[in-house]
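Okay, input_28.csv now, which holds CSV, N, CA and C atoms:
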```
chain,number,residue,atom,x,y,z
I,1,MET,N,153.2,140.2,92.0
I,1,MET,CA,154.1,141.3,91.6
I,1,MET,C,155.1,141.6,92.7
I,2,ASN,N,156.3,141.2,92.6
I,2,ASN,CA,157.3,141.2,93.7
I,2,ASN,C,158.1,142.4,93.8
I,3,THR,N,158.7,142.8,92.7
I,3,THR,CA,159.7,143.9,92.9
I,3,THR,C,159.1,145.2,92.4
I,4,GLN,N,159.8,146.3,92.9
I,4,GLN,CA,159.4,147.6,92.5
I,4,GLN,C,159.5,147.8,90.9
I,5,GLU,N,160.6,147.2,90.4
I,5,GLU,CA,160.8,147.3,89.0
I,5,GLU,C,159.7,146.6,88.2
I,6,GLU,N,159.2,145.5,88.6
I,6,GLU,CA,158.1,144.8,88.0
I,6,GLU,C,156.8,145.7,88.0
I,7,LYS,N,156.6,146.3,89.2
I,7,LYS,CA,155.4,147.2,89.3
I,7,LYS,C,155.5,148.4,88.4
I,8,MET,N,156.7,149.0,88.3
I,8,MET,CA,156.9,150.1,87.4
I,8,MET,C,156.7,149.7,86.0
I,9,LYS,N,157.2,148.5,85.6
I,9,LYS,CA,157.1,148.0,84.2
I,9,LYS,C,155.6,147.8,83.9
I,10,LEU,N,154.9,147.2,84.8
I,10,LEU,CA,153.4,147.0,84.6
I,10,LEU,C,152.7,148.4,84.3
I,11,LEU,N,153.0,149.3,85.2
I,11,LEU,CA,152.4,150.6,85.0
I,11,LEU,C,152.8,151.3,83.7
I,12,ALA,N,154.1,151.2,83.4
I,12,ALA,CA,154.6,151.8,82.2
I,12,ALA,C,153.9,151.2,80.9
I,13,ASP,N,153.7,149.9,81.0
I,13,ASP,CA,153.0,149.3,79.9
I,13,ASP,C,151.6,149.8,79.7
I,14,MET,N,150.9,150.0,80.9
I,14,MET,CA,149.6,150.5,80.9
I,14,MET,C,149.5,151.9,80.4
I,15,ILE,N,150.5,152.7,80.8
I,15,ILE,CA,150.5,154.1,80.3
I,15,ILE,C,150.8,154.2,78.8
I,16,ALA,N,151.7,153.4,78.3
I,16,ALA,CA,152.0,153.4,76.9
I,16,ALA,C,150.8,152.9,76.1
I,17,PHE,N,150.0,152.0,76.6
I,17,PHE,CA,148.9,151.5,75.9
I,17,PHE,C,147.7,152.5,76.0
I,18,SER,N,147.6,153.3,77.1
I,18,SER,CA,146.6,154.2,77.2
I,18,SER,C,146.7,155.4,76.2
I,19,VAL,N,147.8,155.6,75.7
I,19,VAL,CA,148.0,156.8,74.7
I,19,VAL,C,148.2,156.3,73.3
I,20,VAL,N,147.9,155.0,73.0
I,20,VAL,CA,148.1,154.5,71.7
I,20,VAL,C,147.2,155.1,70.7
I,21,ASP,N,146.0,155.6,71.2
I,21,ASP,CA,145.1,156.2,70.3
I,21,ASP,C,145.3,157.7,70.1
I,22,GLY,N,146.4,158.2,70.6
I,22,GLY,CA,146.8,159.6,70.5
I,22,GLY,C,146.4,160.6,71.6
I,23,ARG,N,145.7,160.1,72.6
I,23,ARG,CA,145.4,160.9,73.7
I,23,ARG,C,145.2,160.1,75.0
I,24,LEU,N,145.3,160.8,76.1
I,24,LEU,CA,145.1,160.1,77.4
I,24,LEU,C,143.8,160.7,77.9
I,25,HIS,N,142.8,159.8,77.9
I,25,HIS,CA,141.5,160.2,78.5
I,25,HIS,C,141.5,160.2,80.0
I,26,GLU,N,140.8,161.0,80.6
I,26,GLU,CA,140.8,161.1,82.1
I,26,GLU,C,140.4,159.8,82.7
I,27,ARG,N,139.5,159.1,82.2
I,27,ARG,CA,139.1,157.8,82.8
I,27,ARG,C,140.3,156.8,82.7
I,28,GLU,N,141.1,156.8,81.6
I,28,GLU,CA,142.2,155.9,81.5
I,28,GLU,C,143.3,156.3,82.5
I,29,TYR,N,143.5,157.6,82.7
I,29,TYR,CA,144.4,158.0,83.7
I,29,TYR,C,144.0,157.6,85.1
I,30,GLN,N,142.7,157.7,85.4
I,30,GLN,CA,142.2,157.3,86.7
I,30,GLN,C,142.3,155.8,86.9
I,31,PHE,N,142.0,155.1,85.9
I,31,PHE,CA,142.1,153.6,86.0
I,31,PHE,C,143.6,153.2,86.3
I,32,VAL,N,144.5,153.7,85.6
I,32,VAL,CA,145.9,153.4,85.8
I,32,VAL,C,146.4,153.9,87.2
I,33,TRP,N,145.9,155.0,87.6
I,33,TRP,CA,146.2,155.5,89.0
I,33,TRP,C,145.7,154.6,90.1
I,34,ILE,N,144.5,154.0,89.9
I,34,ILE,CA,143.9,153.1,90.8
I,34,ILE,C,144.8,151.8,90.9
I,35,VAL,N,145.3,151.3,89.8
I,35,VAL,CA,146.2,150.2,89.8
I,35,VAL,C,147.5,150.6,90.5
I,36,ALA,N,148.0,151.8,90.2
I,36,ALA,CA,149.2,152.2,90.9
I,36,ALA,C,149.1,152.2,92.4
I,37,GLN,N,147.9,152.7,92.9
I,37,GLN,CA,147.7,152.8,94.3
I,37,GLN,C,147.6,151.4,94.9
I,38,GLU,N,147.0,150.4,94.2
I,38,GLU,CA,146.9,149.1,94.7
I,38,GLU,C,148.3,148.4,94.8
I,39,LEU,N,149.2,148.9,93.9
I,39,LEU,CA,150.6,148.4,93.9
I,39,LEU,C,151.5,149.2,94.9
I,40,GLY,N,150.9,150.2,95.6
I,40,GLY,CA,151.7,150.9,96.6
I,40,GLY,C,152.6,152.0,96.0
I,41,ILE,N,152.3,152.5,94.8
I,41,ILE,CA,153.1,153.5,94.1
I,41,ILE,C,152.5,154.9,94.5
I,42,GLY,N,153.4,155.8,94.9
I,42,GLY,CA,152.9,157.1,95.3
I,42,GLY,C,152.6,158.0,94.0
I,43,LYS,N,151.9,159.1,94.3
I,43,LYS,CA,151.4,159.9,93.2
I,43,LYS,C,152.6,160.5,92.4
I,44,ASP,N,153.6,161.0,93.1
I,44,ASP,CA,154.8,161.6,92.4
I,44,ASP,C,155.5,160.6,91.5
I,45,GLU,N,155.7,159.4,92.0
I,45,GLU,CA,156.4,158.4,91.3
I,45,GLU,C,155.5,157.9,90.1
I,46,PHE,N,154.2,157.9,90.3
I,46,PHE,CA,153.3,157.5,89.3
I,46,PHE,C,153.4,158.6,88.1
I,47,ASN,N,153.3,159.8,88.5
I,47,ASN,CA,153.3,160.9,87.5
I,47,ASN,C,154.6,160.9,86.7
I,48,ASP,N,155.7,160.6,87.4
I,48,ASP,CA,157.0,160.6,86.7
I,48,ASP,C,157.1,159.5,85.6
I,49,LEU,N,156.3,158.5,85.7
I,49,LEU,CA,156.2,157.4,84.7
I,49,LEU,C,155.8,157.9,83.3
I,50,PHE,N,155.0,159.0,83.3
I,50,PHE,CA,154.6,159.6,82.1
I,50,PHE,C,155.7,160.3,81.3
I,51,HIS,N,156.8,160.5,82.0
I,51,HIS,CA,157.9,161.2,81.4
I,51,HIS,C,159.2,160.4,81.2
I,52,GLN,N,159.1,159.1,81.4
I,52,GLN,CA,160.3,158.3,81.3
I,52,GLN,C,160.0,157.0,80.5
I,53,GLU,N,161.0,156.4,80.0
I,53,GLU,CA,160.9,155.1,79.3
I,53,GLU,C,161.6,154.1,80.1
I,54,LEU,N,160.9,153.0,80.5
I,54,LEU,CA,161.5,151.9,81.2
I,54,LEU,C,161.9,150.8,80.2
I,55,PRO,N,162.9,150.1,80.6
I,55,PRO,CA,163.4,149.0,79.7
I,55,PRO,C,162.3,147.9,79.5
I,56,GLN,N,162.2,147.4,78.3
I,56,GLN,CA,161.2,146.3,78.1
I,56,GLN,C,161.6,145.1,78.8
I,57,GLY,N,160.7,144.4,79.4
I,57,GLY,CA,161.0,143.1,80.1
I,57,GLY,C,159.9,142.1,79.7
I,58,ILE,N,160.2,140.9,80.0
I,58,ILE,CA,159.2,139.8,79.7
I,58,ILE,C,158.6,139.3,81.0
I,59,ILE,N,157.3,139.2,81.0
I,59,ILE,CA,156.6,138.7,82.2
I,59,ILE,C,156.7,137.2,82.1
I,60,LYS,N,157.3,136.6,83.1
I,60,LYS,CA,157.7,135.2,83.0
I,60,LYS,C,156.5,134.3,83.2
I,61,SER,N,155.6,134.6,84.2
I,61,SER,CA,154.5,133.7,84.5
I,61,SER,C,153.4,133.9,83.5
I,62,GLU,N,152.8,132.8,83.0
I,62,GLU,CA,151.7,132.9,82.1
I,62,GLU,C,150.5,133.6,82.8
I,63,PHE,N,150.3,133.2,84.0
I,63,PHE,CA,149.2,133.8,84.8
I,63,PHE,C,149.3,135.3,84.8
I,64,GLU,N,150.5,135.8,85.1
I,64,GLU,CA,150.8,137.3,85.1
I,64,GLU,C,150.6,137.9,83.8
I,65,ARG,N,151.0,137.2,82.7
I,65,ARG,CA,150.8,137.7,81.4
I,65,ARG,C,149.3,137.8,81.0
I,66,ILE,N,148.5,136.8,81.5
I,66,ILE,CA,147.0,136.9,81.3
I,66,ILE,C,146.5,138.0,82.1
I,67,GLN,N,146.9,138.2,83.3
I,67,GLN,CA,146.4,139.4,84.1
I,67,GLN,C,146.7,140.7,83.4
I,68,GLN,N,148.0,140.8,83.0
I,68,GLN,CA,148.3,142.1,82.3
I,68,GLN,C,147.5,142.3,81.0
I,69,PHE,N,147.3,141.3,80.3
I,69,PHE,CA,146.5,141.4,79.1
I,69,PHE,C,145.1,141.9,79.5
I,70,TYR,N,144.5,141.3,80.5
I,70,TYR,CA,143.1,141.7,80.9
I,70,TYR,C,143.1,143.1,81.4
I,71,ARG,N,144.1,143.5,82.2
I,71,ARG,CA,144.2,144.9,82.6
I,71,ARG,C,144.2,145.9,81.4
I,72,LEU,N,145.0,145.5,80.5
I,72,LEU,CA,145.1,146.4,79.3
I,72,LEU,C,143.8,146.4,78.5
I,73,ALA,N,143.1,145.3,78.4
I,73,ALA,CA,141.8,145.2,77.8
I,73,ALA,C,140.8,146.1,78.5
I,74,LEU,N,140.8,146.0,79.8
I,74,LEU,CA,139.9,146.9,80.6
I,74,LEU,C,140.2,148.4,80.4
I,75,LEU,N,141.5,148.7,80.4
I,75,LEU,CA,141.9,150.0,80.1
I,75,LEU,C,141.4,150.5,78.7
I,76,MET,N,141.5,149.6,77.8
I,76,MET,CA,141.0,149.9,76.4
I,76,MET,C,139.5,150.3,76.4
I,77,HIS,N,138.8,149.7,77.3
I,77,HIS,CA,137.3,150.0,77.3
I,77,HIS,C,136.9,151.1,78.3
I,78,CYS,N,137.8,151.5,79.1
I,78,CYS,CA,137.3,152.4,80.2
I,78,CYS,C,136.9,153.8,79.7
I,79,ASP,N,137.4,154.3,78.6
I,79,ASP,CA,137.0,155.6,78.1
I,79,ASP,C,135.7,155.5,77.3
I,80,GLY,N,135.2,154.3,77.0
I,80,GLY,CA,133.9,154.2,76.3
I,80,GLY,C,134.1,154.2,74.8
I,81,VAL,N,135.4,154.4,74.3
I,81,VAL,CA,135.6,154.5,72.9
I,81,VAL,C,136.6,153.4,72.5
I,82,LEU,N,136.3,152.5,71.6
I,82,LEU,CA,137.2,151.5,71.1
I,82,LEU,C,137.8,152.0,69.8
I,83,HIS,N,139.0,152.5,69.9
I,83,HIS,CA,139.8,153.1,68.8
I,83,HIS,C,140.4,151.9,68.0
I,84,PRO,N,140.4,151.9,66.7
I,84,PRO,CA,141.0,150.8,65.9
I,84,PRO,C,142.5,150.6,66.3
I,85,LYS,N,143.2,151.7,66.6
I,85,LYS,CA,144.6,151.5,67.0
I,85,LYS,C,144.8,150.7,68.3
I,86,GLU,N,143.8,150.9,69.2
I,86,GLU,CA,143.8,150.2,70.5
I,86,GLU,C,143.6,148.7,70.2
I,87,ASP,N,142.6,148.4,69.3
I,87,ASP,CA,142.3,147.0,69.0
I,87,ASP,C,143.5,146.3,68.4
I,88,GLU,N,144.1,147.0,67.4
I,88,GLU,CA,145.3,146.4,66.8
I,88,GLU,C,146.4,146.2,67.7
I,89,SER,N,146.6,147.2,68.6
I,89,SER,CA,147.7,147.2,69.6
I,89,SER,C,147.6,146.1,70.6
I,90,ILE,N,146.4,145.9,71.1
I,90,ILE,CA,146.2,144.9,72.2
I,90,ILE,C,146.4,143.5,71.6
I,91,ARG,N,146.0,143.3,70.4
I,91,ARG,CA,146.2,142.0,69.7
I,91,ARG,C,147.7,141.7,69.5
I,92,GLN,N,148.4,142.7,69.1
I,92,GLN,CA,149.8,142.6,68.9
I,92,GLN,C,150.6,142.4,70.3
I,93,ILE,N,150.1,143.1,71.3
I,93,ILE,CA,150.7,142.9,72.6
I,93,ILE,C,150.5,141.5,73.1
I,94,ALA,N,149.3,141.0,72.9
I,94,ALA,CA,149.0,139.6,73.3
I,94,ALA,C,149.9,138.6,72.6
I,95,ILE,N,150.1,138.8,71.3
I,95,ILE,CA,151.0,137.9,70.6
I,95,ILE,C,152.4,138.0,71.1
I,96,ASN,N,152.9,139.3,71.4
I,96,ASN,CA,154.2,139.5,71.9
I,96,ASN,C,154.4,138.8,73.3
I,97,MET,N,153.3,138.8,74.0
I,97,MET,CA,153.3,138.1,75.4
I,97,MET,C,153.3,136.6,75.3
I,98,GLY,N,153.1,136.1,74.1
I,98,GLY,CA,153.0,134.7,73.9
I,98,GLY,C,151.7,134.1,74.3
I,99,LEU,N,150.6,134.9,74.3
I,99,LEU,CA,149.3,134.4,74.6
I,99,LEU,C,148.6,133.9,73.3
I,100,ASN,N,147.7,132.9,73.5
I,100,ASN,CA,147.0,132.3,72.4
I,100,ASN,C,146.1,133.3,71.7
I,101,PRO,N,146.3,133.6,70.4
I,101,PRO,CA,145.5,134.6,69.7
I,101,PRO,C,144.0,134.2,69.7
I,102,SER,N,143.7,132.9,69.6
I,102,SER,CA,142.3,132.5,69.6
I,102,SER,C,141.6,132.9,70.9
I,103,ALA,N,142.3,132.6,72.0
I,103,ALA,CA,141.7,132.9,73.4
I,103,ALA,C,141.6,134.4,73.5
I,104,THR,N,142.6,135.2,73.1
I,104,THR,CA,142.5,136.6,73.3
I,104,THR,C,141.4,137.2,72.5
I,105,ASN,N,141.2,136.7,71.3
I,105,ASN,CA,140.1,137.2,70.4
I,105,ASN,C,138.8,136.9,71.1
I,106,ARG,N,138.6,135.7,71.6
I,106,ARG,CA,137.4,135.4,72.3
I,106,ARG,C,137.1,136.3,73.5
I,107,ILE,N,138.2,136.5,74.2
I,107,ILE,CA,138.0,137.4,75.4
I,107,ILE,C,137.6,138.8,75.0
I,108,LEU,N,138.3,139.3,74.0
I,108,LEU,CA,138.0,140.7,73.5
I,108,LEU,C,136.5,140.8,73.0
I,109,LYS,N,136.0,139.7,72.4
I,109,LYS,CA,134.6,139.7,71.9
I,109,LYS,C,133.7,139.7,73.1
I,110,LEU,N,134.0,138.8,74.1
I,110,LEU,CA,133.1,138.8,75.3
I,110,LEU,C,133.1,140.1,76.0
I,111,MET,N,134.2,140.8,76.1
I,111,MET,CA,134.3,142.1,76.8
I,111,MET,C,133.5,143.1,76.0
I,112,GLN,N,133.5,143.1,74.7
I,112,GLN,CA,132.7,144.0,73.9
I,112,GLN,C,131.2,143.8,74.1
I,113,LYS,N,130.8,142.5,74.3
I,113,LYS,CA,129.4,142.2,74.5
I,113,LYS,C,128.9,142.5,75.9
I,114,SER,N,129.8,142.6,76.9
I,114,SER,CA,129.5,142.8,78.3
I,114,SER,C,129.1,144.3,78.5
I,115,PRO,N,128.1,144.5,79.3
I,115,PRO,CA,127.7,145.9,79.5
I,115,PRO,C,128.8,146.8,80.2
I,116,ASN,N,129.6,146.1,81.0
I,116,ASN,CA,130.7,146.9,81.7
I,116,ASN,C,132.1,146.4,81.3
I,117,ALA,N,132.2,145.7,80.2
I,117,ALA,CA,133.4,145.2,79.6
I,117,ALA,C,134.2,144.2,80.5
I,118,MET,N,133.5,143.7,81.6
I,118,MET,CA,134.2,142.8,82.5
I,118,MET,C,133.7,141.4,82.3
I,119,ILE,N,134.6,140.5,82.5
I,119,ILE,CA,134.3,139.0,82.5
I,119,ILE,C,134.9,138.5,83.8
I,120,THR,N,134.3,137.3,84.2
I,120,THR,CA,134.8,136.8,85.4
I,120,THR,C,136.2,136.1,85.3
I,121,PRO,N,136.9,136.1,86.4
I,121,PRO,CA,138.2,135.5,86.4
I,121,PRO,C,138.2,134.0,85.9
I,122,GLU,N,137.1,133.3,86.2
I,122,GLU,CA,136.9,131.9,85.8
I,122,GLU,C,136.8,131.8,84.3
I,123,VAL,N,136.0,132.7,83.7
I,123,VAL,CA,135.9,132.6,82.3
I,123,VAL,C,137.2,133.0,81.6
I,124,LEU,N,137.9,134.0,82.1
I,124,LEU,CA,139.2,134.5,81.6
I,124,LEU,C,140.2,133.3,81.5
I,125,LEU,N,140.3,132.7,82.7
I,125,LEU,CA,141.3,131.6,82.8
I,125,LEU,C,140.9,130.4,82.0
I,126,SER,N,139.6,130.1,82.0
I,126,SER,CA,139.1,128.9,81.3
I,126,SER,C,139.3,129.0,79.8
I,127,LEU,N,139.2,130.2,79.2
I,127,LEU,CA,139.5,130.4,77.8
I,127,LEU,C,140.9,130.1,77.4
I,128,PHE,N,141.8,130.5,78.3
I,128,PHE,CA,143.2,130.2,78.0
I,128,PHE,C,143.5,128.7,78.3
I,129,GLN,N,142.9,128.1,79.3
I,129,GLN,CA,143.2,126.7,79.6
I,129,GLN,C,142.6,125.8,78.5
I,130,GLU,N,141.5,126.2,78.0
I,130,GLU,CA,140.8,125.5,76.9
I,130,GLU,C,141.7,125.3,75.7
I,131,GLN,N,142.6,126.3,75.5
I,131,GLN,CA,143.5,126.2,74.3
I,131,GLN,C,144.6,125.2,74.6
I,132,LEU,N,144.9,124.8,75.8
I,132,LEU,CA,145.9,123.9,76.2
I,132,LEU,C,145.5,122.4,75.9
I,133,ASN,N,144.2,122.2,75.8
I,133,ASN,CA,143.8,120.8,75.6
I,133,ASN,C,143.8,120.4,74.2
```
Show me this structure written as structure tokens.
Amino acid sequence: MNTQEEKMKLLADMIAFSVVDGRLHEREYQFVWIVAQELGIGKDEFNDLFHQELPQGIIKSEFERIQQFYRLALLMHCDGVLHPKEDESIRQIAINMGLNPSATNRILKLMQKSPNAMITPEVLLSLFQEQLN
């Protein structure tokens, strides 16, 4: 993640996804705030994102699109409730990102079966690479 604009876009996408079910759960807010801190975004700038709309952009690198998909999937699980709108939205987001639907479906199923909704980076990447063969 190189530019400030890319960082803000990433966070804006996460914020938009966190409210797709009609509410912002405290755990979702905390999760996105942790990501913002890792990206070097201050609290005021972060909170301002909840009140503005950033232009849509395309993530160029497939690796970065996979990372963003996984972040959103973790966000979907962090409040402990899988809302049907979240499930539908994440699948559509993955398609819009140009990610393989078969791989994303398998990842989402693995995350549901996992006690903490996490899967290893190796498994995540291997499921996408498997589709290339």
- Looking at only C-alpha atoms, which of I:Phe50, I:Phe31, I:Phe63, I:Phe17 is the one that sits closest to I:Gln129? I:Phe63
- Message: Using only N, CA and C atoms, which protein or nucleic acid residues come within 7 Å of stretch 10-15 of chain I? Drop anything in the same chain fewer than 3 positions from it, and give the result as a ChimeraX atom specification.
- Response: /I:5-7,18-20,32,36,49,54,72
- Task: Find the residue from I:Glu28, I:Asp21, I:Glu62, I:Glu130 that sits nearest to I:His77; use all atoms listed in the file when measuring.
- Result: I:Glu28
- Task: Go ahead and compute the interatomic distance for atom CA of I:Val35 and atom N of I:Lys9, in Å to one decimal.
- Result: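 Calculated distance between atom CA of I:Val35 and atom N of I:Lys9 is 11.9 Å.
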- Query: Separation of atom CA of I:His83 and atom CA of I:Leu108, in Å?
  - Reply: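 According to the coordinates, atom CA of I:His83 and atom CA of I:Leu108 are separated by 13.4 Å.
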Can you patch up stretch 30-41 of chain I, filling it in to all heavy atoms, and show the result as a PDB file, in the frame of the given file?
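Output contents, as saved in result34.pdb:
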```pdb
ATOM      1  N   GLN I  30     142.700 157.700  85.400  1.00  0.00           N
ATOM      2  CA  GLN I  30     142.200 157.300  86.700  1.00  0.00           C
ATOM      3  C   GLN I  30     142.300 155.800  86.900  1.00  0.00           C
ATOM      4  O   GLN I  30     142.609 155.350  88.021  1.00  0.00           O
ATOM      5  CB  GLN I  30     140.719 157.775  86.886  1.00  0.00           C
ATOM      6  CG  GLN I  30     140.547 159.268  87.004  1.00  0.00           C
ATOM      7  CD  GLN I  30     141.295 159.848  88.185  1.00  0.00           C
ATOM      8  OE1 GLN I  30     141.404 159.240  89.243  1.00  0.00           O
ATOM      9  NE2 GLN I  30     141.831 161.048  88.017  1.00  0.00           N
ATOM     10  N   PHE I  31     142.000 155.100  85.900  1.00  0.00           N
ATOM     11  CA  PHE I  31     142.100 153.600  86.000  1.00  0.00           C
ATOM     12  C   PHE I  31     143.600 153.200  86.300  1.00  0.00           C
ATOM     13  O   PHE I  31     143.797 152.374  87.197  1.00  0.00           O
ATOM     14  CB  PHE I  31     141.666 152.958  84.653  1.00  0.00           C
ATOM     15  CG  PHE I  31     141.712 151.449  84.660  1.00  0.00           C
ATOM     16  CD1 PHE I  31     140.670 150.714  85.198  1.00  0.00           C
ATOM     17  CD2 PHE I  31     142.799 150.769  84.130  1.00  0.00           C
ATOM     18  CE1 PHE I  31     140.709 149.316  85.207  1.00  0.00           C
ATOM     19  CE2 PHE I  31     142.849 149.377  84.133  1.00  0.00           C
ATOM     20  CZ  PHE I  31     141.804 148.656  84.672  1.00  0.00           C
ATOM     21  N   VAL I  32     144.500 153.700  85.600  1.00  0.00           N
ATOM     22  CA  VAL I  32     145.900 153.400  85.800  1.00  0.00           C
ATOM     23  C   VAL I  32     146.400 153.900  87.200  1.00  0.00           C
ATOM     24  O   VAL I  32     147.111 153.178  87.900  1.00  0.00           O
ATOM     25  CB  VAL I  32     146.846 153.950  84.704  1.00  0.00           C
ATOM     26  CG1 VAL I  32     148.300 153.599  84.977  1.00  0.00           C
ATOM     27  CG2 VAL I  32     146.433 153.409  83.342  1.00  0.00           C
ATOM     28  N   TRP I  33     145.900 155.000  87.600  1.00  0.00           N
ATOM     29  CA  TRP I  33     146.200 155.500  89.000  1.00  0.00           C
ATOM     30  C   TRP I  33     145.700 154.600  90.100  1.00  0.00           C
ATOM     31  O   TRP I  33     146.326 154.324  91.062  1.00  0.00           O
ATOM     32  CB  TRP I  33     145.656 156.942  89.156  1.00  0.00           C
ATOM     33  CG  TRP I  33     145.720 157.470  90.549  1.00  0.00           C
ATOM     34  CD1 TRP I  33     144.706 158.027  91.253  1.00  0.00           C
ATOM     35  CD2 TRP I  33     146.864 157.522  91.443  1.00  0.00           C
ATOM     36  NE1 TRP I  33     145.130 158.390  92.505  1.00  0.00           N
ATOM     37  CE2 TRP I  33     146.451 158.093  92.649  1.00  0.00           C
ATOM     38  CE3 TRP I  33     148.179 157.100  91.332  1.00  0.00           C
ATOM     39  CZ2 TRP I  33     147.303 158.266  93.739  1.00  0.00           C
ATOM     40  CZ3 TRP I  33     149.039 157.277  92.415  1.00  0.00           C
ATOM     41  CH2 TRP I  33     148.598 157.857  93.597  1.00  0.00           C
ATOM     42  N   ILE I  34     144.500 154.000  89.900  1.00  0.00           N
ATOM     43  CA  ILE I  34     143.900 153.100  90.800  1.00  0.00           C
ATOM     44  C   ILE I  34     144.800 151.800  90.900  1.00  0.00           C
ATOM     45  O   ILE I  34     145.125 151.349  92.009  1.00  0.00           O
ATOM     46  CB  ILE I  34     142.471 152.669  90.445  1.00  0.00           C
ATOM     47  CG1 ILE I  34     141.532 153.853  90.694  1.00  0.00           C
ATOM     48  CG2 ILE I  34     142.011 151.433  91.213  1.00  0.00           C
ATOM     49  CD1 ILE I  34     140.145 153.681  90.090  1.00  0.00           C
ATOM     50  N   VAL I  35     145.300 151.300  89.800  1.00  0.00           N
ATOM     51  CA  VAL I  35     146.200 150.200  89.800  1.00  0.00           C
ATOM     52  C   VAL I  35     147.500 150.600  90.500  1.00  0.00           C
ATOM     53  O   VAL I  35     147.991 149.781  91.310  1.00  0.00           O
ATOM     54  CB  VAL I  35     146.496 149.717  88.316  1.00  0.00           C
ATOM     55  CG1 VAL I  35     147.579 148.651  88.308  1.00  0.00           C
ATOM     56  CG2 VAL I  35     145.229 149.192  87.649  1.00  0.00           C
ATOM     57  N   ALA I  36     148.000 151.800  90.200  1.00  0.00           N
ATOM     58  CA  ALA I  36     149.200 152.200  90.900  1.00  0.00           C
ATOM     59  C   ALA I  36     149.100 152.200  92.400  1.00  0.00           C
ATOM     60  O   ALA I  36     149.936 151.814  93.177  1.00  0.00           O
ATOM     61  CB  ALA I  36     149.634 153.598  90.392  1.00  0.00           C
ATOM     62  N   GLN I  37     147.900 152.700  92.900  1.00  0.00           N
ATOM     63  CA  GLN I  37     147.700 152.800  94.300  1.00  0.00           C
ATOM     64  C   GLN I  37     147.600 151.400  94.900  1.00  0.00           C
ATOM     65  O   GLN I  37     148.157 151.150  95.996  1.00  0.00           O
ATOM     66  CB  GLN I  37     146.325 153.495  94.588  1.00  0.00           C
ATOM     67  CG  GLN I  37     146.406 154.984  94.339  1.00  0.00           C
ATOM     68  CD  GLN I  37     145.043 155.641  94.469  1.00  0.00           C
ATOM     69  OE1 GLN I  37     144.072 155.229  93.839  1.00  0.00           O
ATOM     70  NE2 GLN I  37     144.979 156.667  95.298  1.00  0.00           N
ATOM     71  N   GLU I  38     147.000 150.400  94.200  1.00  0.00           N
ATOM     72  CA  GLU I  38     146.900 149.100  94.700  1.00  0.00           C
ATOM     73  C   GLU I  38     148.300 148.400  94.800  1.00  0.00           C
ATOM     74  O   GLU I  38     148.561 147.577  95.581  1.00  0.00           O
ATOM     75  CB  GLU I  38     146.045 148.213  93.734  1.00  0.00           C
ATOM     76  CG  GLU I  38     144.576 148.537  93.814  1.00  0.00           C
ATOM     77  CD  GLU I  38     143.977 148.242  95.176  1.00  0.00           C
ATOM     78  OE1 GLU I  38     144.308 147.191  95.759  1.00  0.00           O
ATOM     79  OE2 GLU I  38     143.179 149.066  95.659  1.00  0.00           O
ATOM     80  N   LEU I  39     149.200 148.900  93.900  1.00  0.00           N
ATOM     81  CA  LEU I  39     150.600 148.400  93.900  1.00  0.00           C
ATOM     82  C   LEU I  39     151.500 149.200  94.900  1.00  0.00           C
ATOM     83  O   LEU I  39     152.680 148.859  95.032  1.00  0.00           O
ATOM     84  CB  LEU I  39     151.210 148.509  92.506  1.00  0.00           C
ATOM     85  CG  LEU I  39     150.568 147.626  91.444  1.00  0.00           C
ATOM     86  CD1 LEU I  39     151.145 147.938  90.070  1.00  0.00           C
ATOM     87  CD2 LEU I  39     150.742 146.149  91.779  1.00  0.00           C
ATOM     88  N   GLY I  40     150.900 150.200  95.600  1.00  0.00           N
ATOM     89  CA  GLY I  40     151.700 150.900  96.600  1.00  0.00           C
ATOM     90  C   GLY I  40     152.600 152.000  96.000  1.00  0.00           C
ATOM     91  O   GLY I  40     153.608 152.347  96.594  1.00  0.00           O
ATOM     92  N   ILE I  41     152.300 152.500  94.800  1.00  0.00           N
ATOM     93  CA  ILE I  41     153.100 153.500  94.100  1.00  0.00           C
ATOM     94  C   ILE I  41     152.500 154.900  94.500  1.00  0.00           C
ATOM     95  O   ILE I  41     151.281 155.099  94.365  1.00  0.00           O
ATOM     96  CB  ILE I  41     153.062 153.301  92.601  1.00  0.00           C
ATOM     97  CG1 ILE I  41     153.511 151.890  92.232  1.00  0.00           C
ATOM     98  CG2 ILE I  41     153.887 154.369  91.904  1.00  0.00           C
ATOM     99  CD1 ILE I  41     154.913 151.525  92.629  1.00  0.00           C
TER     100      ILE I  41
END
```
